[in-house]
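Written below as structure tokens is the structure these notes are about.
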Amino acid sequence: MSQQLEKFYYDNKIVKWFAYACVFWGVIGMVVGLLAALQLVFPSLNMNYSFTTFGRVRPVHTNAVIFAFVGNGIFMGAYYALQRLLKARMFSDKLSWLHWWGWQLIIVTAAVTLLAGYTTGKEYAELEWPVDIAITLVWVIFGINMFGTILTRREKHLYVGIWFFIGTWITVAILHIVNSFELPVSLFKSYSLYAGVQDALVQWWYGHNAVAFFLTTPYLGLMYYFVPKAANRPVYSYRWSIIHFWALIFIYIWAGPHHLLYTALPDWAQSLGVVFSVMLILPSWGGMLNGLFTLRGAWDKVREDAVLKFFVVALTCYGMSTFEGPTLSLKSVNAISHFTDWTIAHVHVGALGWNGFLTFGILYWLIPRIFQTKLYSQKWAHWHFWIGTLGIIFYAIPMYWAGFSQALMWKEFTPEGQLKYQFLETVTHIMPMYALRSLGGTMYLLGALLMIVNLVKTVKSGELLENEAAEAAPLPKVLDGDGHSYWHSWIERRPIQMLLLSAVFVSIGGLFELIPTFLIKSNIPTISTVKPYTPLELQGRDIYIREGCYTCHSQMIRPFRDEVVRYGEYSKAGEFVYDHPFQWGSKRTGPDLARIGSKYPDSWHYNHMMEPSLMSPGSIMPSYSFLLESDLDISSTPAKIRAMQTLGVPYPEGYDKIANDDLKKQADEIVERLSKDKIRTVSNKEIIALIAYLQRMGTDIKAAPKSETENLH
Amino acid sequence: MSVMIILLSVSLLVAAGFLAAFLWSVKSGQFDDSVSPAHKILFENSTKQK
């Protein structure tokens, strides 16, 4: 060790700003979540205004909490931990700030566009194509900054936490790109390149891995740094942490299909998802126990230290949700749990407990340190801990209860063999649980607000150490130098490896080019009577997507007795070949709509959209009376038809030019039918298009010859 | 169901990438020492004086 020590500075300013952004967006995300929760108890809170209806508010909540709160939390913790673990300042201050500003701008754009109804209609991937591109760019900036720091590090060994950040970066990049293949129609409207079953599979491959690689692996990386630091004890077993990491990432990428059990997805893919999901319990619990055992012999500290209390609950919640995950992936459990509020309970144990509490603990530990002071009030932090923990309990238990009740009531038959409950009865029955859940959410939010006061007082009592001086010896050049020369010589000395490596890169590129053509060709219908949507129905479907109907209604009837009796013939894969994007949904706050078509007269839908409780007294669906007033924009029809043609939907050549004639004709027919039921309206209103779509849904198959459908899945 | 082929190949590629990273890290001696890294992170090399 004759190397000269180098002096350098840790960048604490960027950490501070990511921390502020994390707290700020966290509160916004929670407030919006509380609003959404209250809307299910008091439908009048939808305020009869398009921007504030549940269908638009809920995606803002999920996106804000995942990408804004947890996202900034990841960056805060990673920028703090990376610098210290690698004994280096972040690679480039410019990139750090581009990263910060880019991410915050994306969040603002996301909030505005989602409220304005610009959405792709795919859960947790709702943002439209320009935002998707911006996300990719900022993610690349983060990547260059992180890998640049790794290559210029002064510590040879990469601590396990860094491996988690690397795994996160690579996988999120791939998931985001593959799931965001979409064909733009206009600045803020695009159609998914995939249709129906294929779209569903890609979406949940993404959706599951978003949970795995955005909410889990980066937070495990943070856990492996901040828990030992806060406890001032080495991690229980370092070897275990290494095994845990590699096992977790290898298994996680295969678990996606467990979101599609009993759907129109082929059985073998479902089974693959189940097997890997069950295996996941081992690495997940390995990580959880490793974190908890780190506190061995330090439990007296947990009694005193609010930070450690937060970490213990975070790890416990991680353990609970990763036990529950494999359980929910079992087909027999999923038959009951899927589409119920059980899922909502499950994700909130993860989000509120694991992500939220780990973030709070890190904030309480980190802010005093970079501000060179002590936390203003340990007592308040303890109060926050208890209010927050009670909040999680008051949130989760009612939602579990609601989920079980829904599942049991949906499936219950009378001795005469009829469904015992109307769907609406199963909704009104769990309303008290929704109210209690809102109480839990309020408590959790109050705790977070108390934290903000505490942190503000802490910040005021100290002074930010913007550039923290540190010393370390550089890595000896002979070992792996400054990265560049090392990689260069490594590759140079290994021509075969280099060849293989380039082959891999080229095939990745080729694959990405092939995907579009490959997919479009494969959208060949297997049910001859399934036809493309008419122009009016297509416009109506876009309204359905815009209003986020999928946040409460599924379009997927599973092959169970109760579902077939309640909704009709179970859904077949061939029915969705023109659905760009698919709209199967994940939760039934309202009934399934896959076969709603021609079930009710047009006038029923008209009145129901105007005021749902008129047709179904006690309904908690928001009023969509604004659709009765707003004009349908038919100038977009030709572009939409052309886009669909590009995606392989067989509209006749040149149909885009005459599509609006057909649209008007069909609209007039609906207006005519409505007038017979004494409803006066005009044909250019959005409601007409929506009715056209609703009346079409699930009807094509009824005309199909029996031989075509009887053996289909 | 051609999308399966795509997703399988993408997933396999990711897994192969992970495997390569794993082999590299083992070969380059990243995991030779499974005791001291856990302790090392507890020491600050910050030079600020309290």
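Residues in the structure tokens are named by chain (A, B, ... in the order shown) and by number from 1 within that chain; ligands are numbered from 1 in the order shown.
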Listing only residues of chain A within 8 Å of chain B, what is the closest atom pair and its distance in Å (to one decimal) for each, using only C-alpha atoms, sorted by chain and residue number ascending, as JSON lines?
{"residue": "A:Arg84", "atom": "CA", "partner": "B:Glu44", "partner_atom": "CA", "distance": 7.9}
{"residue": "A:Leu85", "atom": "CA", "partner": "B:Ile41", "partner_atom": "CA", "distance": 6.7}
{"residue": "A:Lys87", "atom": "CA", "partner": "B:Asn45", "partner_atom": "CA", "distance": 7.9}
{"residue": "A:His157", "atom": "CA", "partner": "B:Gln30", "partner_atom": "CA", "distance": 5.7}
{"residue": "A:Leu158", "atom": "CA", "partner": "B:Gln30", "partner_atom": "CA", "distance": 6.9}
{"residue": "A:Tyr159", "atom": "CA", "partner": "B:Pro37", "partner_atom": "CA", "distance": 6.6}
{"residue": "A:Gly167", "atom": "CA", "partner": "B:Phe18", "partner_atom": "CA", "distance": 7.9}
{"residue": "A:Thr171", "atom": "CA", "partner": "B:Val14", "partner_atom": "CA", "distance": 7.4}
{"residue": "A:Val197", "atom": "CA", "partner": "B:Met1", "partner_atom": "CA", "distance": 7.9}
{"residue": "A:Gln198", "atom": "CA", "partner": "B:Val3", "partner_atom": "CA", "distance": 5.7}
{"residue": "A:Leu201", "atom": "CA", "partner": "B:Val3", "partner_atom": "CA", "distance": 7.9}
{"residue": "A:Val202", "atom": "CA", "partner": "B:Leu7", "partner_atom": "CA", "distance": 7.3}
{"residue": "A:Tyr225", "atom": "CA", "partner": "B:Ile41", "partner_atom": "CA", "distance": 7.8}
{"residue": "A:Pro228", "atom": "CA", "partner": "B:Leu42", "partner_atom": "CA", "distance": 7.5}
{"residue": "A:Lys229", "atom": "CA", "partner": "B:Leu42", "partner_atom": "CA", "distance": 6.0}
{"residue": "A:Asn232", "atom": "CA", "partner": "B:Leu42", "partner_atom": "CA", "distance": 6.4}
{"residue": "A:Arg233", "atom": "CA", "partner": "B:Leu42", "partner_atom": "CA", "distance": 7.3}
{"residue": "A:Pro234", "atom": "CA", "partner": "B:Ala38", "partner_atom": "CA", "distance": 4.9}
{"residue": "A:Val235", "atom": "CA", "partner": "B:Ala38", "partner_atom": "CA", "distance": 5.8}
{"residue": "A:Tyr238", "atom": "CA", "partner": "B:Ser34", "partner_atom": "CA", "distance": 5.7}
{"residue": "A:Arg239", "atom": "CA", "partner": "B:Ser34", "partner_atom": "CA", "distance": 5.5}
{"residue": "A:Trp246", "atom": "CA", "partner": "B:Phe22", "partner_atom": "CA", "distance": 7.6}
{"residue": "A:Ile249", "atom": "CA", "partner": "B:Phe18", "partner_atom": "CA", "distance": 8.0}
{"residue": "A:Phe250", "atom": "CA", "partner": "B:Ala15", "partner_atom": "CA", "distance": 6.1}
{"residue": "A:Ile253", "atom": "CA", "partner": "B:Ser11", "partner_atom": "CA", "distance": 6.5}
{"residue": "A:Trp254", "atom": "CA", "partner": "B:Ser11", "partner_atom": "CA", "distance": 7.5}
{"residue": "A:Glu468", "atom": "CA", "partner": "B:Ser46", "partner_atom": "CA", "distance": 6.8}
{"residue": "A:Ala469", "atom": "CA", "partner": "B:Thr47", "partner_atom": "CA", "distance": 5.6}
{"residue": "A:Ala470", "atom": "CA", "partner": "B:Ser46", "partner_atom": "CA", "distance": 4.0}
{"residue": "A:Glu471", "atom": "CA", "partner": "B:Asn45", "partner_atom": "CA", "distance": 6.0}
{"residue": "A:Ala472", "atom": "CA", "partner": "B:Asn45", "partner_atom": "CA", "distance": 7.1}
{"residue": "A:Leu511", "atom": "CA", "partner": "B:Ile6", "partner_atom": "CA", "distance": 8.0}
{"residue": "A:Ile515", "atom": "CA", "partner": "B:Ile6", "partner_atom": "CA", "distance": 7.2}
{"residue": "A:Phe518", "atom": "CA", "partner": "B:Ser2", "partner_atom": "CA", "distance": 7.3}
{"residue": "A:Leu519", "atom": "CA", "partner": "B:Ser2", "partner_atom": "CA", "distance": 6.6}
{"residue": "A:Ser522", "atom": "CA", "partner": "B:Ser2", "partner_atom": "CA", "distance": 6.5}
Can you pull out the residues contacting region 14-16 of chain A? Cut-off 7 Å, using only C-alpha atoms, and skip same-chain residues under 4 positions away; I want them as a compact mmCIF listing (two decimals) with N, CA and C atoms, in the first residue's frame.
# COMPACT_ATOMS: atom_id res chain seq x y z
N TYR A 20 -35.43 15.60 -1.06
CA TYR A 20 -36.56 16.55 -1.05
C TYR A 20 -37.63 16.11 -2.05
N MET A 76 -31.97 8.88 -4.29
CA MET A 76 -31.41 9.47 -3.07
C MET A 76 -30.45 8.48 -2.41
N TYR A 79 -27.34 7.40 -4.71
CA TYR A 79 -26.30 8.43 -4.86
C TYR A 79 -25.51 8.58 -3.56
N TYR A 80 -26.18 8.38 -2.43
CA TYR A 80 -25.46 8.46 -1.16
C TYR A 80 -24.55 7.24 -0.99
N SER A 96 -25.55 14.13 -12.95
CA SER A 96 -26.36 14.05 -11.74
C SER A 96 -27.52 15.03 -11.83
Expressed in Å, the length from CA of Asp592 (chain A) to CA of Met399 (chain A) is 20.0 Å
Write down as a VMD selection string the residues belonging to chain B that are assigned alpha helix (DSSP H) by DSSP computed on the backbone. chain B and resid 2 to 27 36 to 40
Residues just named, written with C-alpha atoms as a PDB file, in the first residue's frame:
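Saved as result07.pdb:
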ATOM      1  CA  SER B   2     -45.099 -15.465 -31.125  1.00  0.00           C
ATOM      2  CA  VAL B   3     -44.695 -12.924 -28.373  1.00  0.00           C
ATOM      3  CA  MET B   4     -43.692 -15.797 -26.122  1.00  0.00           C
ATOM      4  CA  ILE B   5     -40.706 -16.466 -28.315  1.00  0.00           C
ATOM      5  CA  ILE B   6     -39.721 -12.833 -28.008  1.00  0.00           C
ATOM      6  CA  LEU B   7     -40.214 -12.691 -24.274  1.00  0.00           C
ATOM      7  CA  LEU B   8     -38.431 -15.980 -23.792  1.00  0.00           C
ATOM      8  CA  SER B   9     -35.476 -14.823 -25.853  1.00  0.00           C
ATOM      9  CA  VAL B  10     -35.353 -11.456 -24.110  1.00  0.00           C
ATOM     10  CA  SER B  11     -35.596 -13.151 -20.721  1.00  0.00           C
ATOM     11  CA  LEU B  12     -32.953 -15.682 -21.682  1.00  0.00           C
ATOM     12  CA  LEU B  13     -30.708 -12.873 -22.866  1.00  0.00           C
ATOM     13  CA  VAL B  14     -31.156 -11.080 -19.569  1.00  0.00           C
ATOM     14  CA  ALA B  15     -30.459 -14.313 -17.714  1.00  0.00           C
ATOM     15  CA  ALA B  16     -27.406 -14.977 -19.887  1.00  0.00           C
ATOM     16  CA  GLY B  17     -26.195 -11.475 -19.153  1.00  0.00           C
ATOM     17  CA  PHE B  18     -26.653 -12.090 -15.442  1.00  0.00           C
ATOM     18  CA  LEU B  19     -24.790 -15.372 -15.766  1.00  0.00           C
ATOM     19  CA  ALA B  20     -21.913 -13.672 -17.573  1.00  0.00           C
ATOM     20  CA  ALA B  21     -21.787 -10.990 -14.885  1.00  0.00           C
ATOM     21  CA  PHE B  22     -21.837 -13.670 -12.223  1.00  0.00           C
ATOM     22  CA  LEU B  23     -19.020 -15.639 -13.818  1.00  0.00           C
ATOM     23  CA  TRP B  24     -16.992 -12.476 -14.307  1.00  0.00           C
ATOM     24  CA  SER B  25     -17.476 -11.442 -10.719  1.00  0.00           C
ATOM     25  CA  VAL B  26     -16.475 -14.849  -9.387  1.00  0.00           C
ATOM     26  CA  LYS B  27     -13.447 -15.093 -11.685  1.00  0.00           C
ATOM     27  CA  SER B  36     -14.365  -8.153   5.341  1.00  0.00           C
ATOM     28  CA  PRO B  37     -16.611  -6.351   2.808  1.00  0.00           C
ATOM     29  CA  ALA B  38     -19.452  -6.461   5.321  1.00  0.00           C
ATOM     30  CA  HIS B  39     -17.233  -4.778   7.914  1.00  0.00           C
ATOM     31  CA  LYS B  40     -15.544  -2.328   5.576  1.00  0.00           C
TER      32      LYS B  40
END
Taking 2 positions as the minimum chain separation for residues in the same chain, which residues sit within 9 Å of region 567-574 of chain A when counting only C-alpha atoms? Answer as a ChimeraX atom specification. /A:196-197,263-266,524-527,530,555-560,562-565,576-577,591-596,698,701,709,712-713
Written selection (N, CA and C atoms) as a tab-separated table (two decimals), in the first residue's frame:
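The resulting file, part23.tsv, is shown below:
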chain	number	residue	atom	x	y	z
A	196	GLY	N	-54.18	-7.98	-27.68
A	196	GLY	CA	-54.83	-9.05	-26.92
A	196	GLY	C	-53.91	-9.81	-26.00
A	197	VAL	N	-53.89	-11.14	-26.18
A	197	VAL	CA	-53.14	-12.02	-25.30
A	197	VAL	C	-51.66	-11.64	-25.28
A	263	THR	N	-56.60	-17.12	-17.34
A	263	THR	CA	-57.05	-16.25	-18.42
A	263	THR	C	-56.85	-16.99	-19.73
A	264	ALA	N	-56.96	-16.24	-20.84
A	264	ALA	CA	-56.82	-16.85	-22.15
A	264	ALA	C	-55.37	-17.14	-22.51
A	265	LEU	N	-54.46	-16.99	-21.55
A	265	LEU	CA	-53.05	-17.31	-21.79
A	265	LEU	C	-52.84	-18.82	-21.80
A	266	PRO	N	-51.98	-19.36	-22.72
A	266	PRO	CA	-51.77	-20.81	-22.75
A	266	PRO	C	-51.32	-21.36	-21.40
A	524	ILE	N	-53.23	-13.23	-36.35
A	524	ILE	CA	-54.20	-13.83	-37.28
A	524	ILE	C	-55.35	-14.41	-36.47
A	525	PRO	N	-56.56	-14.01	-36.77
A	525	PRO	CA	-57.68	-14.47	-35.95
A	525	PRO	C	-57.91	-15.97	-36.12
A	526	THR	N	-58.29	-16.60	-35.03
A	526	THR	CA	-58.63	-18.01	-35.11
A	526	THR	C	-60.14	-18.19	-35.03
A	527	ILE	N	-60.86	-17.10	-34.76
A	527	ILE	CA	-62.32	-17.16	-34.76
A	527	ILE	C	-62.78	-16.26	-35.91
A	530	VAL	N	-64.75	-12.91	-35.48
A	530	VAL	CA	-64.19	-11.76	-34.77
A	530	VAL	C	-63.67	-10.77	-35.79
A	555	GLN	N	-62.07	-7.25	-18.35
A	555	GLN	CA	-62.69	-7.74	-19.59
A	555	GLN	C	-62.15	-9.14	-19.82
A	556	MET	N	-62.31	-9.98	-18.82
A	556	MET	CA	-61.73	-11.32	-18.89
A	556	MET	C	-62.56	-12.25	-18.02
A	557	ILE	N	-63.38	-13.07	-18.66
A	557	ILE	CA	-64.21	-14.01	-17.91
A	557	ILE	C	-63.45	-15.31	-17.78
A	558	ARG	N	-63.14	-15.70	-16.56
A	558	ARG	CA	-62.37	-16.93	-16.34
A	558	ARG	C	-63.32	-18.13	-16.35
A	559	PRO	N	-62.81	-19.30	-16.67
A	559	PRO	CA	-63.69	-20.47	-16.81
A	559	PRO	C	-64.14	-21.05	-15.47
A	560	PHE	N	-64.83	-20.26	-14.68
A	560	PHE	CA	-65.39	-20.75	-13.42
A	560	PHE	C	-66.91	-20.69	-13.51
A	562	ASP	N	-69.19	-19.63	-11.43
A	562	ASP	CA	-69.83	-18.37	-11.06
A	562	ASP	C	-69.61	-17.29	-12.12
A	563	GLU	N	-68.42	-17.27	-12.72
A	563	GLU	CA	-68.16	-16.20	-13.69
A	563	GLU	C	-68.96	-16.42	-14.97
A	564	VAL	N	-69.07	-17.68	-15.37
A	564	VAL	CA	-69.82	-17.98	-16.59
A	564	VAL	C	-71.30	-17.68	-16.38
A	565	VAL	N	-71.81	-18.01	-15.19
A	565	VAL	CA	-73.21	-17.72	-14.92
A	565	VAL	C	-73.44	-16.21	-14.82
A	576	PHE	N	-59.51	-11.31	-28.83
A	576	PHE	CA	-58.83	-10.06	-28.52
A	576	PHE	C	-57.80	-9.64	-29.57
A	577	VAL	N	-57.85	-10.30	-30.74
A	577	VAL	CA	-56.75	-10.09	-31.71
A	577	VAL	C	-56.67	-8.66	-32.23
A	591	PRO	N	-68.33	-4.71	-12.11
A	591	PRO	CA	-68.41	-6.03	-12.75
A	591	PRO	C	-67.56	-6.14	-14.01
A	592	ASP	N	-67.30	-7.38	-14.42
A	592	ASP	CA	-66.59	-7.63	-15.67
A	592	ASP	C	-67.45	-7.14	-16.84
A	593	LEU	N	-66.78	-6.65	-17.89
A	593	LEU	CA	-67.53	-6.11	-19.03
A	593	LEU	C	-67.29	-6.88	-20.33
A	594	ALA	N	-66.59	-8.01	-20.24
A	594	ALA	CA	-66.21	-8.71	-21.47
A	594	ALA	C	-67.42	-9.04	-22.36
A	595	ARG	N	-68.57	-9.31	-21.73
A	595	ARG	CA	-69.76	-9.63	-22.54
A	595	ARG	C	-70.91	-8.68	-22.26
A	596	ILE	N	-70.56	-7.41	-22.02
A	596	ILE	CA	-71.61	-6.43	-21.71
A	596	ILE	C	-72.43	-6.12	-22.96
A	698	GLY	N	-67.60	-8.37	-26.78
A	698	GLY	CA	-67.89	-9.78	-26.53
A	698	GLY	C	-69.00	-10.37	-27.35
A	701	ILE	N	-68.30	-13.37	-30.94
A	701	ILE	CA	-68.17	-14.82	-30.81
A	701	ILE	C	-69.53	-15.53	-30.91
A	709	THR	N	-65.32	-22.65	-31.74
A	709	THR	CA	-65.08	-22.14	-30.39
A	709	THR	C	-65.06	-23.21	-29.31
A	712	LEU	N	-61.65	-24.02	-27.83
A	712	LEU	CA	-60.70	-22.91	-27.68
A	712	LEU	C	-60.52	-22.53	-26.23
A	713	HIS	N	-59.34	-21.97	-25.98
A	713	HIS	CA	-59.09	-21.41	-24.65
A	713	HIS	C	-59.07	-19.91	-24.76
Neighbour list for Lys13 (chain A) as a ChimeraX atom specification, cut-off 9 Å, only C-alpha atoms, skip fewer than 6 positions in-chain: /A:370,464-467
If you count only C-alpha atoms, which residues fall within 12 Å of region 604-606 of chain A, apart from same-chain ones fewer than 3 positions away, as an MDAnalysis selection string? chainID A and resid 596:601 609:616 623:629 670:671 673:675 677:681 685:695
Please, which residues in region 585-635 of chain A fall within 6 Å of region 328-347 of chain A when counting only C-alpha atoms, and what is the closest atom pair and distance in Å to one decimal for each, ordered by chain then residue number, as JSON lines?
{"residue": "A:Ser586", "atom": "CA", "partner": "A:Phe339", "partner_atom": "CA", "distance": 5.5}
{"residue": "A:Lys587", "atom": "CA", "partner": "A:Phe339", "partner_atom": "CA", "distance": 3.9}
{"residue": "A:Arg588", "atom": "CA", "partner": "A:Phe339", "partner_atom": "CA", "distance": 5.1}
